Amino acid sequence: LELNEKKVQTAAKDLSLGGLLVCLAKMAMKSKIGMDMEWKNLPITRLDQVLFGESAASIVVSIRNGKESELETICKSHKIQSIFIGQTR
């Protein structure tokens with residue numbers, strides 16, 4: 001809620017149906033905006049688990065340019081882990 005109130009995020013989607021890859025595809029199709037991914041930041045133990053593992057407790061958040069540090073500050077204040085995985089183009 002704080003990300004939305006402070007106008008940091010532009011979109012957010014949970015990973016409950018289909019996992020990360022399905023979430024990113026849905027977000028890209030809805031917004032008609034592509035993305036460049038940086039997979040190196042993800043904790044990869046099993047690729048299938050990272051890409052398709054379903055979790056209602058994990059979300060992808062799209063933020064406004066220049067708001068990265070604000071996102072990190074808000075996440076840390078709530079003890080939430082954040083991982084940068086790419087940017088839109």
# chains A, B, ... in the order shown; residues from 1 in each chain; ligands from 1
$ select_by_dssp --residues "chain A" --states "strand (DSSP E)" --output "tab-separated table (two decimals) with all heavy atoms, in the first residue's frame"
chain	number	residue	atom	x	y	z
A	9	GLN	N	5.12	2.65	-7.36
A	9	GLN	CA	4.80	1.57	-8.28
A	9	GLN	C	3.87	2.02	-9.40
A	9	GLN	O	3.10	2.94	-9.24
A	9	GLN	CB	4.17	0.39	-7.55
A	9	GLN	CG	2.71	0.61	-7.17
A	9	GLN	CD	2.10	-0.59	-6.50
A	9	GLN	OE1	2.78	-1.34	-5.82
A	9	GLN	NE2	0.82	-0.77	-6.67
A	10	THR	N	4.00	1.33	-10.53
A	10	THR	CA	3.07	1.56	-11.64
A	10	THR	C	2.16	0.34	-11.84
A	10	THR	O	1.09	0.45	-12.40
A	10	THR	CB	3.82	1.86	-12.95
A	10	THR	OG1	4.70	0.77	-13.25
A	10	THR	CG2	4.61	3.15	-12.84
A	11	ALA	N	2.62	-0.82	-11.37
A	11	ALA	CA	1.84	-2.05	-11.46
A	11	ALA	C	2.39	-3.08	-10.48
A	11	ALA	O	3.56	-3.00	-10.09
A	11	ALA	CB	1.88	-2.61	-12.88
A	12	ALA	N	1.56	-4.03	-10.11
A	12	ALA	CA	1.99	-5.13	-9.23
A	12	ALA	C	1.14	-6.36	-9.53
A	12	ALA	O	-0.05	-6.24	-9.82
A	12	ALA	CB	1.86	-4.74	-7.77
A	13	LYS	N	1.77	-7.54	-9.48
A	13	LYS	CA	1.07	-8.79	-9.76
A	13	LYS	C	1.70	-9.90	-8.95
A	13	LYS	O	2.92	-10.00	-8.88
A	13	LYS	CB	1.18	-9.10	-11.27
A	13	LYS	CG	0.65	-10.43	-11.70
A	13	LYS	CD	-0.67	-10.28	-12.38
A	13	LYS	CE	-1.20	-11.60	-12.90
A	13	LYS	NZ	-1.70	-12.50	-11.89
A	14	ASP	N	0.87	-10.75	-8.32
A	14	ASP	CA	1.41	-11.86	-7.55
A	14	ASP	C	1.78	-13.03	-8.47
A	14	ASP	O	1.42	-13.05	-9.63
A	14	ASP	CB	0.44	-12.31	-6.44
A	14	ASP	CG	-0.83	-12.92	-6.98
A	14	ASP	OD1	-0.75	-13.90	-7.74
A	14	ASP	OD2	-1.92	-12.43	-6.63
A	15	LEU	N	2.50	-13.98	-7.91
A	15	LEU	CA	2.97	-15.14	-8.68
A	15	LEU	C	2.12	-16.38	-8.41
A	15	LEU	O	2.59	-17.49	-8.56
A	15	LEU	CB	4.44	-15.44	-8.33
A	15	LEU	CG	5.43	-14.29	-8.46
A	15	LEU	CD1	6.84	-14.79	-8.18
A	15	LEU	CD2	5.35	-13.62	-9.79
A	35	MET	N	10.25	-5.99	-21.91
A	35	MET	CA	11.16	-5.89	-20.77
A	35	MET	C	12.47	-6.58	-21.08
A	35	MET	O	12.53	-7.48	-21.91
A	35	MET	CB	10.52	-6.50	-19.53
A	35	MET	CG	10.21	-7.98	-19.67
A	35	MET	SD	9.12	-8.60	-18.40
A	35	MET	CE	7.54	-8.12	-19.06
A	36	ASP	N	13.51	-6.10	-20.44
A	36	ASP	CA	14.83	-6.74	-20.46
A	36	ASP	C	15.06	-7.32	-19.08
A	36	ASP	O	15.03	-6.59	-18.09
A	36	ASP	CB	15.92	-5.71	-20.79
A	36	ASP	CG	15.82	-5.19	-22.21
A	36	ASP	OD1	15.56	-5.99	-23.11
A	36	ASP	OD2	16.02	-3.98	-22.40
A	37	MET	N	15.28	-8.62	-19.02
A	37	MET	CA	15.41	-9.30	-17.73
A	37	MET	C	16.88	-9.52	-17.37
A	37	MET	O	17.71	-9.73	-18.24
A	37	MET	CB	14.70	-10.65	-17.78
A	37	MET	CG	13.23	-10.57	-18.13
A	37	MET	SD	12.30	-9.41	-17.11
A	37	MET	CE	12.63	-10.04	-15.51
A	55	SER	N	3.44	-18.68	-6.07
A	55	SER	CA	3.48	-18.17	-4.70
A	55	SER	C	2.65	-16.91	-4.59
A	55	SER	O	2.96	-15.90	-5.22
A	55	SER	CB	4.93	-17.86	-4.30
A	55	SER	OG	4.94	-17.17	-3.07
A	56	ALA	N	1.60	-16.96	-3.77
A	56	ALA	CA	0.78	-15.77	-3.54
A	56	ALA	C	1.52	-14.77	-2.66
A	56	ALA	O	1.14	-13.61	-2.58
A	56	ALA	CB	-0.55	-16.16	-2.92
A	57	ALA	N	2.60	-15.21	-2.02
A	57	ALA	CA	3.37	-14.34	-1.12
A	57	ALA	C	4.45	-13.56	-1.85
A	57	ALA	O	5.09	-12.70	-1.27
A	57	ALA	CB	3.99	-15.16	-0.01
A	58	SER	N	4.66	-13.85	-3.14
A	58	SER	CA	5.67	-13.14	-3.94
A	58	SER	C	4.97	-12.30	-5.00
A	58	SER	O	4.00	-12.75	-5.60
A	58	SER	CB	6.60	-14.14	-4.63
A	58	SER	OG	7.29	-14.90	-3.68
A	59	ILE	N	5.51	-11.09	-5.22
A	59	ILE	CA	4.91	-10.22	-6.23
A	59	ILE	C	5.98	-9.59	-7.10
A	59	ILE	O	7.13	-9.43	-6.68
A	59	ILE	CB	4.04	-9.10	-5.61
A	59	ILE	CG1	4.87	-8.22	-4.68
A	59	ILE	CG2	2.84	-9.65	-4.91
A	59	ILE	CD1	4.15	-6.98	-4.21
A	60	VAL	N	5.59	-9.24	-8.32
A	60	VAL	CA	6.43	-8.45	-9.21
A	60	VAL	C	5.86	-7.04	-9.17
A	60	VAL	O	4.65	-6.85	-9.31
A	60	VAL	CB	6.40	-8.99	-10.66
A	60	VAL	CG1	7.07	-8.03	-11.61
A	60	VAL	CG2	7.06	-10.36	-10.72
A	61	VAL	N	6.73	-6.08	-8.94
A	61	VAL	CA	6.31	-4.68	-8.87
A	61	VAL	C	7.04	-3.90	-9.95
A	61	VAL	O	8.26	-3.97	-10.05
A	61	VAL	CB	6.63	-4.06	-7.49
A	61	VAL	CG1	6.24	-2.60	-7.44
A	61	VAL	CG2	5.93	-4.83	-6.39
A	62	SER	N	6.29	-3.20	-10.75
A	62	SER	CA	6.86	-2.29	-11.74
A	62	SER	C	6.88	-0.90	-11.10
A	62	SER	O	5.87	-0.45	-10.56
A	62	SER	CB	5.98	-2.30	-13.00
A	62	SER	OG	6.45	-1.35	-13.92
A	63	ILE	N	8.05	-0.24	-11.16
A	63	ILE	CA	8.17	1.07	-10.51
A	63	ILE	C	8.53	2.15	-11.52
A	63	ILE	O	9.01	1.85	-12.62
A	63	ILE	CB	9.21	1.04	-9.37
A	63	ILE	CG1	10.60	0.67	-9.90
A	63	ILE	CG2	8.78	0.09	-8.27
A	63	ILE	CD1	11.70	0.82	-8.88
A	86	GLY	N	14.98	-6.62	-13.75
A	86	GLY	CA	14.98	-6.08	-15.10
A	86	GLY	C	14.28	-4.75	-15.21
A	86	GLY	O	13.93	-4.13	-14.20
A	87	GLN	N	14.12	-4.31	-16.46
A	87	GLN	CA	13.42	-3.06	-16.68
A	87	GLN	C	12.60	-3.13	-17.96
A	87	GLN	O	12.87	-3.94	-18.84
A	87	GLN	CB	14.40	-1.89	-16.74
A	87	GLN	CG	15.40	-1.95	-17.88
A	87	GLN	CD	16.40	-0.82	-17.77
A	87	GLN	OE1	16.97	-0.59	-16.73
A	87	GLN	NE2	16.60	-0.13	-18.87
A	88	THR	N	11.61	-2.26	-18.03
A	88	THR	CA	10.74	-2.23	-19.21
A	88	THR	C	11.41	-1.45	-20.32
A	88	THR	O	12.32	-0.66	-20.11
A	88	THR	CB	9.37	-1.58	-18.88
A	88	THR	OG1	9.60	-0.26	-18.40
A	88	THR	CG2	8.62	-2.39	-17.86
$ residues_around --residues "region 38-42 of chain A" --least-positions-apart "5" --cutoff "12 Å" --atoms "only C-alpha atoms" --output "number ranges by chain"
A: 20-21, 47, 49-51, 81-88
$ residues_around --residues "Gly18 (chain A)" --least-positions-apart "4" --cutoff "7 Å" --atoms "only C-alpha atoms" --output "NGL selection string"
:A and (22-23 or 52-54)
$ write_last_selection --atoms "N, CA and C atoms" --output "CSV table (one decimal), in the first residue's frame"
chain,number,residue,atom,x,y,z
A,22,VAL,N,4.9,-16.5,-16.2
A,22,VAL,CA,3.5,-16.2,-16.6
A,22,VAL,C,3.1,-14.8,-16.1
A,23,CYS,N,3.6,-14.4,-14.9
A,23,CYS,CA,3.3,-13.1,-14.4
A,23,CYS,C,3.9,-12.0,-15.3
A,52,PHE,N,8.4,-21.0,-12.9
A,52,PHE,CA,7.0,-21.4,-12.8
A,52,PHE,C,6.5,-21.7,-11.4
A,53,GLY,N,7.3,-21.6,-10.4
A,53,GLY,CA,6.9,-21.8,-9.0
A,53,GLY,C,5.8,-20.8,-8.6
A,54,GLU,N,4.7,-21.2,-8.1
A,54,GLU,CA,3.6,-20.4,-7.8
A,54,GLU,C,3.6,-20.0,-6.3
$ select_by_dssp --residues "chain A" --states "helix (DSSP H, G or I)" --output "compact mmCIF listing (two decimals) with all heavy atoms, in the first residue's frame"
# COMPACT_ATOMS: atom_id res chain seq x y z
N GLU A 2 1.94 1.23 0.75
CA GLU A 2 2.80 2.40 0.84
C GLU A 2 3.43 2.74 -0.52
O GLU A 2 3.56 3.91 -0.87
CB GLU A 2 3.90 2.16 1.88
CG GLU A 2 4.73 3.38 2.17
CD GLU A 2 5.72 3.18 3.31
OE1 GLU A 2 5.64 2.15 4.02
OE2 GLU A 2 6.57 4.06 3.47
N LEU A 3 3.80 1.70 -1.30
CA LEU A 3 4.35 1.95 -2.64
C LEU A 3 3.34 2.67 -3.51
O LEU A 3 3.71 3.56 -4.29
CB LEU A 3 4.76 0.63 -3.29
CG LEU A 3 5.91 -0.13 -2.67
CD1 LEU A 3 6.08 -1.48 -3.35
CD2 LEU A 3 7.18 0.67 -2.74
N ASN A 4 2.10 2.29 -3.38
CA ASN A 4 1.04 2.92 -4.17
C ASN A 4 0.76 4.35 -3.67
O ASN A 4 0.64 5.27 -4.47
CB ASN A 4 -0.24 2.08 -4.11
CG ASN A 4 -1.23 2.47 -5.16
OD1 ASN A 4 -0.87 2.76 -6.29
ND2 ASN A 4 -2.50 2.49 -4.79
N GLU A 5 0.69 4.52 -2.36
CA GLU A 5 0.42 5.84 -1.78
C GLU A 5 1.50 6.85 -2.14
O GLU A 5 1.21 8.02 -2.39
CB GLU A 5 0.30 5.74 -0.26
CG GLU A 5 -0.94 5.01 0.21
CD GLU A 5 -0.90 4.65 1.69
OE1 GLU A 5 0.10 4.96 2.38
OE2 GLU A 5 -1.88 4.04 2.16
N GLY A 19 3.44 -18.67 -11.87
CA GLY A 19 4.78 -18.28 -11.47
C GLY A 19 5.29 -17.01 -12.14
O GLY A 19 4.54 -16.25 -12.75
N LEU A 20 6.60 -16.81 -12.04
CA LEU A 20 7.24 -15.58 -12.49
C LEU A 20 7.09 -15.36 -13.99
O LEU A 20 6.74 -14.26 -14.43
CB LEU A 20 8.73 -15.61 -12.11
CG LEU A 20 9.58 -14.41 -12.56
CD1 LEU A 20 9.05 -13.12 -11.95
CD2 LEU A 20 11.03 -14.63 -12.18
N LEU A 21 7.36 -16.37 -14.79
CA LEU A 21 7.32 -16.19 -16.24
C LEU A 21 5.92 -15.84 -16.72
O LEU A 21 5.75 -14.94 -17.55
CB LEU A 21 7.83 -17.46 -16.93
CG LEU A 21 8.38 -17.28 -18.33
CD1 LEU A 21 9.50 -16.25 -18.36
CD2 LEU A 21 8.86 -18.60 -18.88
N VAL A 22 4.90 -16.49 -16.19
CA VAL A 22 3.52 -16.20 -16.57
C VAL A 22 3.14 -14.79 -16.10
O VAL A 22 2.51 -14.03 -16.83
CB VAL A 22 2.55 -17.26 -16.01
CG1 VAL A 22 1.11 -16.86 -16.22
CG2 VAL A 22 2.83 -18.62 -16.67
N CYS A 23 3.56 -14.43 -14.90
CA CYS A 23 3.30 -13.09 -14.36
C CYS A 23 3.88 -12.02 -15.27
O CYS A 23 3.20 -11.05 -15.62
CB CYS A 23 3.87 -12.99 -12.96
SG CYS A 23 3.82 -11.33 -12.26
N LEU A 24 5.14 -12.17 -15.65
CA LEU A 24 5.80 -11.18 -16.52
C LEU A 24 5.13 -11.10 -17.88
O LEU A 24 4.94 -10.01 -18.43
CB LEU A 24 7.28 -11.52 -16.67
CG LEU A 24 8.13 -11.40 -15.41
CD1 LEU A 24 9.53 -11.95 -15.65
CD2 LEU A 24 8.19 -9.96 -14.92
N ALA A 25 4.74 -12.25 -18.42
CA ALA A 25 4.05 -12.27 -19.72
C ALA A 25 2.71 -11.54 -19.64
O ALA A 25 2.37 -10.74 -20.51
CB ALA A 25 3.85 -13.71 -20.19
N LYS A 26 1.96 -11.78 -18.57
CA LYS A 26 0.67 -11.11 -18.39
C LYS A 26 0.85 -9.60 -18.26
O LYS A 26 0.09 -8.82 -18.85
CB LYS A 26 -0.07 -11.66 -17.17
CG LYS A 26 -0.67 -13.02 -17.38
CD LYS A 26 -1.39 -13.47 -16.11
CE LYS A 26 -2.04 -14.82 -16.28
NZ LYS A 26 -2.75 -15.24 -15.06
N MET A 27 1.84 -9.19 -17.48
CA MET A 27 2.09 -7.76 -17.30
C MET A 27 2.49 -7.10 -18.62
O MET A 27 2.04 -6.00 -18.94
CB MET A 27 3.16 -7.52 -16.23
CG MET A 27 2.69 -7.86 -14.82
SD MET A 27 3.97 -7.66 -13.56
CE MET A 27 3.86 -5.89 -13.26
N ALA A 28 3.34 -7.78 -19.39
CA ALA A 28 3.79 -7.23 -20.67
C ALA A 28 2.64 -7.13 -21.67
O ALA A 28 2.49 -6.13 -22.36
CB ALA A 28 4.91 -8.09 -21.24
N MET A 29 1.79 -8.16 -21.72
CA MET A 29 0.67 -8.14 -22.67
C MET A 29 -0.34 -7.07 -22.29
O MET A 29 -0.86 -6.37 -23.17
CB MET A 29 0.00 -9.52 -22.73
CG MET A 29 0.86 -10.54 -23.45
SD MET A 29 0.03 -12.12 -23.73
CE MET A 29 -0.16 -12.73 -22.07
N LYS A 30 -0.62 -6.92 -21.01
CA LYS A 30 -1.60 -5.93 -20.57
C LYS A 30 -1.13 -4.50 -20.85
O LYS A 30 -1.88 -3.66 -21.30
CB LYS A 30 -1.92 -6.09 -19.09
CG LYS A 30 -2.99 -5.15 -18.62
CD LYS A 30 -3.46 -5.45 -17.23
CE LYS A 30 -4.56 -4.45 -16.88
NZ LYS A 30 -5.41 -4.90 -15.85
N SER A 31 0.15 -4.24 -20.59
CA SER A 31 0.68 -2.88 -20.75
C SER A 31 1.20 -2.60 -22.16
O SER A 31 1.46 -1.46 -22.50
CB SER A 31 1.82 -2.65 -19.75
OG SER A 31 2.91 -3.48 -20.06
N TRP A 39 18.44 -12.14 -15.09
CA TRP A 39 18.20 -13.36 -14.32
C TRP A 39 19.28 -13.60 -13.27
O TRP A 39 19.07 -14.35 -12.33
CB TRP A 39 18.10 -14.56 -15.25
CG TRP A 39 17.05 -14.40 -16.28
CD1 TRP A 39 17.25 -14.18 -17.61
CD2 TRP A 39 15.63 -14.42 -16.10
NE1 TRP A 39 16.03 -14.05 -18.25
CE2 TRP A 39 15.03 -14.20 -17.35
CE3 TRP A 39 14.81 -14.59 -14.99
CZ2 TRP A 39 13.65 -14.16 -17.52
CZ3 TRP A 39 13.43 -14.55 -15.17
CH2 TRP A 39 12.87 -14.34 -16.42
N LYS A 40 20.43 -12.95 -13.39
CA LYS A 40 21.55 -13.22 -12.47
C LYS A 40 21.23 -12.88 -11.02
O LYS A 40 21.85 -13.41 -10.11
CB LYS A 40 22.79 -12.44 -12.91
CG LYS A 40 22.63 -10.94 -12.79
CD LYS A 40 23.86 -10.20 -13.25
CE LYS A 40 23.60 -8.71 -13.06
NZ LYS A 40 24.39 -7.88 -13.87
N ASN A 41 20.25 -12.02 -10.79
CA ASN A 41 19.91 -11.62 -9.42
C ASN A 41 18.98 -12.61 -8.72
O ASN A 41 18.77 -12.52 -7.51
CB ASN A 41 19.26 -10.24 -9.40
CG ASN A 41 20.23 -9.15 -9.82
OD1 ASN A 41 21.44 -9.31 -9.68
ND2 ASN A 41 19.72 -8.07 -10.34
N LEU A 47 15.75 -24.06 -12.25
CA LEU A 47 15.20 -23.08 -13.18
C LEU A 47 13.69 -23.18 -13.30
O LEU A 47 12.99 -22.17 -13.29
CB LEU A 47 15.86 -23.22 -14.54
CG LEU A 47 15.49 -22.15 -15.58
CD1 LEU A 47 15.84 -20.76 -15.07
CD2 LEU A 47 16.18 -22.44 -16.89
N ASP A 48 13.15 -24.40 -13.37
CA ASP A 48 11.70 -24.56 -13.49
C ASP A 48 10.98 -24.00 -12.27
O ASP A 48 9.92 -23.40 -12.38
CB ASP A 48 11.30 -26.03 -13.73
CG ASP A 48 11.70 -26.94 -12.56
OD1 ASP A 48 12.76 -26.72 -11.96
OD2 ASP A 48 10.93 -27.88 -12.28
N GLN A 49 11.57 -24.16 -11.10
CA GLN A 49 10.97 -23.64 -9.87
C GLN A 49 10.97 -22.12 -9.86
O GLN A 49 10.00 -21.49 -9.45
CB GLN A 49 11.73 -24.20 -8.68
CG GLN A 49 11.05 -23.96 -7.36
CD GLN A 49 11.79 -24.66 -6.22
OE1 GLN A 49 13.02 -24.68 -6.20
NE2 GLN A 49 11.05 -25.22 -5.31
N VAL A 50 12.06 -21.51 -10.32
CA VAL A 50 12.14 -20.05 -10.37
C VAL A 50 11.15 -19.48 -11.38
O VAL A 50 10.46 -18.51 -11.11
CB VAL A 50 13.58 -19.59 -10.72
CG1 VAL A 50 13.63 -18.10 -11.01
CG2 VAL A 50 14.52 -19.95 -9.60
N LEU A 51 11.05 -20.09 -12.55
CA LEU A 51 10.20 -19.55 -13.61
C LEU A 51 8.72 -19.85 -13.43
O LEU A 51 7.88 -19.03 -13.79
CB LEU A 51 10.67 -20.06 -14.98
CG LEU A 51 12.07 -19.66 -15.40
CD1 LEU A 51 12.41 -20.25 -16.75
CD2 LEU A 51 12.23 -18.15 -15.41
N PHE A 52 8.38 -21.03 -12.90
CA PHE A 52 6.98 -21.44 -12.84
C PHE A 52 6.45 -21.72 -11.44
O PHE A 52 5.29 -22.08 -11.27
CB PHE A 52 6.76 -22.68 -13.72
CG PHE A 52 7.09 -22.43 -15.16
CD1 PHE A 52 8.25 -22.93 -15.72
CD2 PHE A 52 6.25 -21.67 -15.96
CE1 PHE A 52 8.57 -22.70 -17.05
CE2 PHE A 52 6.56 -21.42 -17.29
CZ PHE A 52 7.73 -21.94 -17.83
N GLU A 68 14.09 3.42 -7.61
CA GLU A 68 14.68 2.18 -7.10
C GLU A 68 15.06 2.29 -5.63
O GLU A 68 14.76 1.38 -4.84
CB GLU A 68 15.92 1.79 -7.93
CG GLU A 68 15.62 1.47 -9.38
CD GLU A 68 15.58 2.70 -10.29
OE1 GLU A 68 15.75 3.83 -9.82
OE2 GLU A 68 15.38 2.50 -11.50
N SER A 69 15.73 3.36 -5.26
CA SER A 69 16.17 3.48 -3.86
C SER A 69 14.99 3.65 -2.92
O SER A 69 15.00 3.15 -1.79
CB SER A 69 17.16 4.63 -3.69
OG SER A 69 16.56 5.86 -4.02
N GLU A 70 13.94 4.34 -3.38
CA GLU A 70 12.74 4.49 -2.55
C GLU A 70 12.06 3.14 -2.33
O GLU A 70 11.60 2.83 -1.23
CB GLU A 70 11.78 5.50 -3.18
CG GLU A 70 10.69 5.93 -2.24
CD GLU A 70 9.89 7.12 -2.74
OE1 GLU A 70 10.27 7.75 -3.74
OE2 GLU A 70 8.86 7.41 -2.11
N LEU A 71 12.01 2.32 -3.39
CA LEU A 71 11.45 0.97 -3.26
C LEU A 71 12.24 0.16 -2.24
O LEU A 71 11.66 -0.46 -1.34
CB LEU A 71 11.46 0.25 -4.61
CG LEU A 71 11.11 -1.24 -4.56
CD1 LEU A 71 9.63 -1.43 -4.30
CD2 LEU A 71 11.55 -1.95 -5.80
N GLU A 72 13.56 0.18 -2.35
CA GLU A 72 14.40 -0.57 -1.41
C GLU A 72 14.21 -0.10 0.02
O GLU A 72 14.13 -0.91 0.94
CB GLU A 72 15.87 -0.45 -1.81
CG GLU A 72 16.23 -1.30 -2.99
CD GLU A 72 17.73 -1.29 -3.28
OE1 GLU A 72 18.53 -1.12 -2.34
OE2 GLU A 72 18.07 -1.47 -4.45
N THR A 73 14.13 1.20 0.23
CA THR A 73 13.94 1.76 1.57
C THR A 73 12.62 1.30 2.18
O THR A 73 12.56 0.88 3.33
CB THR A 73 13.99 3.31 1.53
OG1 THR A 73 15.27 3.71 1.03
CG2 THR A 73 13.75 3.91 2.90
N ILE A 74 11.55 1.36 1.38
CA ILE A 74 10.23 0.95 1.86
C ILE A 74 10.23 -0.54 2.16
O ILE A 74 9.73 -0.97 3.21
CB ILE A 74 9.13 1.33 0.85
CG1 ILE A 74 8.99 2.86 0.79
CG2 ILE A 74 7.80 0.67 1.22
CD1 ILE A 74 8.13 3.36 -0.36
N CYS A 75 10.79 -1.35 1.28
CA CYS A 75 10.84 -2.80 1.51
C CYS A 75 11.62 -3.12 2.77
O CYS A 75 11.18 -3.93 3.59
CB CYS A 75 11.44 -3.50 0.30
SG CYS A 75 10.33 -3.57 -1.12
N LYS A 76 12.78 -2.50 2.96
CA LYS A 76 13.60 -2.76 4.15
C LYS A 76 12.87 -2.35 5.42
O LYS A 76 12.97 -3.03 6.44
CB LYS A 76 14.93 -2.02 4.05
CG LYS A 76 15.91 -2.69 3.12
CD LYS A 76 17.22 -1.94 3.06
CE LYS A 76 18.13 -2.60 2.05
NZ LYS A 76 19.39 -1.86 1.88
N SER A 77 12.12 -1.25 5.37
CA SER A 77 11.41 -0.80 6.58
C SER A 77 10.32 -1.78 7.00
O SER A 77 9.92 -1.81 8.15
CB SER A 77 10.81 0.59 6.35
OG SER A 77 9.69 0.54 5.50
$ closest_residue --among "A:Arg46, A:Lys32, A:Lys67, A:His78" --to "Leu1 (chain A)" --atoms "only C-alpha atoms"
A:His78
$ closest_residue --among "A:Ile80, A:Arg89, A:Thr45, A:Leu17" --to "Asn65 (chain A)" --atoms "only C-alpha atoms"
A:Arg89
